[in-house]
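Student: Can you read through this structure? Questions will come right after.
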Number of protein chains: 2
Amino acid sequence: MHILVIGAAGMIGRKLAQRLAQDGALMERDITALTLADVVPADAPAGFAGKVSIETLDLSEPEAANRMIASRPDVIFHLAAIVSGEAELDFEKGYKINLDGTRHLFEAIRIAHMADGYRPRLVFTSSIAIAGAPLPFPIPDDFHATPLTSYGTQKAICELLLSDYSRKGYFDGLGIRLPTICIRPGKPNKAASGFFSNILREPLVGQEAVLPVSEDLRHWHASPRSAVGFLMHGAIIDLERVGPRRNLSMPGLSATVGEQIEALRRIAGDKAVRLIRREPDEMIMRICAGWPSGFEATRARALGFTAESSFDEIIRVHIEDELGGTL
Amino acid sequence: MHILVIGAAGMIGRKLAQRLAQDGALMERDITALTLADVVPADAPAGFAGKVSIETLDLSEPEAANRMIASRPDVIFHLAAIVSGEAELDFEKGYKINLDGTRHLFEAIRIAHMADGYRPRLVFTSSIAIAGAPLPFPIPDDFHATPLTSYGTQKAICELLLSDYSRKGYFDGLGIRLPTICIRPGKPNKAASGFFSNILREPLVGQEAVLPVSEDLRHWHASPRSAVGFLMHGAIIDLERVGPRRNLSMPGLSATVGEQIEALRRIAGDKAVRLIRREPDEMIMRICAGWPSGFEATRARALGFTAESSFDEIIRVHIEDELGGTL
């Protein structure tokens, strides 16, 4: 079987490609080809026996989608997007890539479907950004989408398109609303949510990190490993069981910043916790106040999606996957 | 002040233009100009002292929106859409008109806003078609959009765009989710929902009508006069009170077909009721089973939107507005 990953150069995309290469099969069918598409060249994953194609393209150009599906991949993971902050600063670019880019992909598949019956499985990464304050806690599965960012609006629109194209039978779509991914590997970035990862990742390797919010801020997390697990499960799940409502809030861990810090203390001791420097930032606090604290994720759990149940576990995943298993 | 009605040749559009002409003012500001746009030439309303411009155009062409807003109307009512059945049969046309057409309008306003600060009030007609079974009764304001038609999907997407463009300050938008309009004037049409009006309108003038569903089917109704009232109220309401969630389920009357028939009996007697011919239609029954039975409409009611509270009242509105006041 042939798998296409769009957004393969991103953090989750890379991990997904690596997992697909390592597993070598999906639903007991061998993965014979992997196409890795992104705006920059994605890395070919190590240890994959099949054929790897690297596609460098701009999803917002209609021809890009045709190129990606020309070889009729059986499963498409669509992870490509510009991030929330950039979509907010550049309104046109956000709509062009996050909405039009996705729509070009959906349209290319529809036209192929009309021509030759092509009907791939399509797993799309949506986001908790479709939710905007005021929000209940936990947020039930049937709560309305009330995005307060253009990024969240674009994701919510793509969810609606995904359901409609799936209902019409053009592809078999599933939308996966990812929690905030924690601990993000790599360097601290400027995303307003960056500190959730920074305050664990940096102290774990003996470096300082800044905490701009209060310890009672509650948020919704899952590890990068869980995110890849959601996508893999979304690719094999029986869609008859999902029904017409194709967008699922994924399970995750609802935790306060204080609970994150206590997990860090249990795993890496007081010396790690002492590396967290409090620098309250009014702007970041205001942004965070609009974010969800947690979801019920009843449907996704019933459908077999699973995430971590403690921050200790999230930290251990990071140590195993990013730090070679030891501190 | 200058008012633009897009979709002015439709049933609600005509009534809205007539009401605007008759009132001659909005929020104590004189209406000096009316632009009536549609794909066919709209009729100029009688008795209007100001200037009327009739625009015949295809909203799906990007230039159409620029033409409509060139004279910078203060208030825009956007009612134009192809109907549910047509959008379901012609996927491309539905998205082209109901989604792209609306987006062209929003984009034209945004670009004008960037150029000269233009920021009109924009009242958009959405629909209960954003809801799809299984549904609670009544549907709370915070229930998610789960359309089961392309038309409903297109309306739900336009709602999200309207909120985002409003949040960014490009225009002051309000989305109005209309109930099924009953009693629709005119001739019986082929819409699956047509019978709700047919079984009252035809017997009121001594003609037979067909009832394809059972009398216990419950649905959500408002008169054409209420629909015009929602739009007028939406044009003057204080949007600070509405907040960022700009799409409102309008109030309406939840009633069974049996309750409709009993109201007809009270107003027009047994001889009118005897003109309803039962012809159960499995396909129409199946379609109707997916429709909402009623909404809480808590926010809209609190904001001063009002509708009929009995089917007797809905029938009397029809007699007054369409039959000259008497049977």
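In the structure tokens, chains take letters A, B, ... by order of appearance, with residues numbered from 1 within each chain and ligands from 1 in the order shown.
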Give me, as a list in words, all polymer residues having an atom no more than 10 Å from B:Ile31, counting only C-alpha atoms and skipping those fewer than 2 positions away in the same chain.

Tutor: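 Here the answer would be Met1, His2, Ile3, Leu20, Ala21, Asp23, Gly24, Ala25, Leu26, Met27, Glu28, Arg29, Ala33, Leu34, Phe48, Ala49, Gly50, Lys51 and Asp74 of chain B.
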
Student: Keeping only C-alpha atoms, take the residues you just selected and write them out as a PDB file, in the first residue's frame.

Tutor:
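This went into part-v8.pdb:
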ATOM      1  CA  MET B   1     -28.239  55.618   4.620  1.00  0.00           C
ATOM      2  CA  HIS B   2     -27.691  53.146   1.802  1.00  0.00           C
ATOM      3  CA  ILE B   3     -28.860  49.537   2.032  1.00  0.00           C
ATOM      4  CA  LEU B  20     -37.372  48.796   4.046  1.00  0.00           C
ATOM      5  CA  ALA B  21     -39.189  50.957   1.494  1.00  0.00           C
ATOM      6  CA  ASP B  23     -40.306  52.033   6.908  1.00  0.00           C
ATOM      7  CA  GLY B  24     -38.085  54.506   5.024  1.00  0.00           C
ATOM      8  CA  ALA B  25     -35.655  54.537   7.948  1.00  0.00           C
ATOM      9  CA  LEU B  26     -33.453  52.249  10.033  1.00  0.00           C
ATOM     10  CA  MET B  27     -32.423  53.240  13.572  1.00  0.00           C
ATOM     11  CA  GLU B  28     -33.913  56.696  12.951  1.00  0.00           C
ATOM     12  CA  ARG B  29     -31.661  57.226   9.937  1.00  0.00           C
ATOM     13  CA  ALA B  33     -30.794  54.480  -1.352  1.00  0.00           C
ATOM     14  CA  LEU B  34     -31.645  50.834  -1.880  1.00  0.00           C
ATOM     15  CA  PHE B  48     -40.015  54.330  -1.786  1.00  0.00           C
ATOM     16  CA  ALA B  49     -38.882  57.955  -1.935  1.00  0.00           C
ATOM     17  CA  GLY B  50     -35.137  57.248  -2.222  1.00  0.00           C
ATOM     18  CA  LYS B  51     -33.020  55.990  -5.067  1.00  0.00           C
ATOM     19  CA  ASP B  74     -23.970  51.029   5.139  1.00  0.00           C
TER      20      ASP B  74
END

Student: At a cut-off of 6 Å, can you tabulate as a tab-separated table every residue of chain B near chain A together with its closest atom pair and the distance in Å to one decimal, using only C-alpha atoms and ordering rows by chain then number?

Tutor:
residue	atom	partner	partner_atom	distance
B:Asp142	CA	A:His144	CA	5.3
B:Phe143	CA	A:His144	CA	5.1
B:His144	CA	A:His144	CA	3.7
B:Ile157	CA	A:Ile157	CA	5.5

Student: Write to file, as an mmCIF file, in the first residue's frame, the residues of the selection just made, with C-alpha atoms.

Tutor:
data_model
loop_
_atom_site.group_PDB
_atom_site.id
_atom_site.type_symbol
_atom_site.label_atom_id
_atom_site.label_comp_id
_atom_site.auth_asym_id
_atom_site.auth_seq_id
_atom_site.Cartn_x
_atom_site.Cartn_y
_atom_site.Cartn_z
ATOM 1 C CA ASP B 142 -24.103 25.697 22.082
ATOM 2 C CA PHE B 143 -24.862 22.499 20.122
ATOM 3 C CA HIS B 144 -22.373 21.753 17.352
ATOM 4 C CA ILE B 157 -18.780 27.460 6.773
#

Student: List as number ranges by chain the protein and nucleic acid residues near A:Gly206, meaning an atom at most 8 Å away when only C-alpha atoms are counted, but skip any in the same chain fewer than 4 places from it.

Tutor: A: 202, 272, 275

Student: Using only C-alpha atoms, determine which residues lie at most 6 Å from A:Leu178, disregarding the query and same-chain residues fewer than 2 positions distant; provide the list as a list in words.

Tutor: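 Residues meeting the cut-off are Ser127, Ile176 and Met250 of chain A.
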
Student: One number please: atom CA of A:Ala131 to atom CA of A:Asp238, in Å, one decimal.

Tutor: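 One can read the atom CA of A:Ala131 to atom CA of A:Asp238 distance as 26.5 Å.
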
Student: Between B:Gly169, B:Asn66, B:Leu79, B:Arg19, which residue has the minimum interatomic distance to B:Gly117, considering only C-alpha atoms?

Tutor: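 Distance minimum relative to B:Gly117 lands on B:Gly169.
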
Student: To one decimal place, how far is atom CA of B:Asp172 from atom CA of B:Leu122 in Å?

Tutor: 5.9 Å

Student: Pick from A:Ala268, A:Ala302, A:Ser193, A:Ala307: nearest to A:Met283, with only C-alpha atoms counted?

Tutor: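 Closest candidate: A:Ser193.
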
Student: Taking 3 positions as the minimum chain separation for residues in the same chain, which residues sit within 9 Å of A:Ser226 when counting only C-alpha atoms? Answer as a count of residues only.

Tutor: 11

Student: Atom CA of B:Ala108 to atom CA of A:Asp100: how many Å, to one decimal?

Tutor: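 Distance reported for this atom pair: 17.1 Å.
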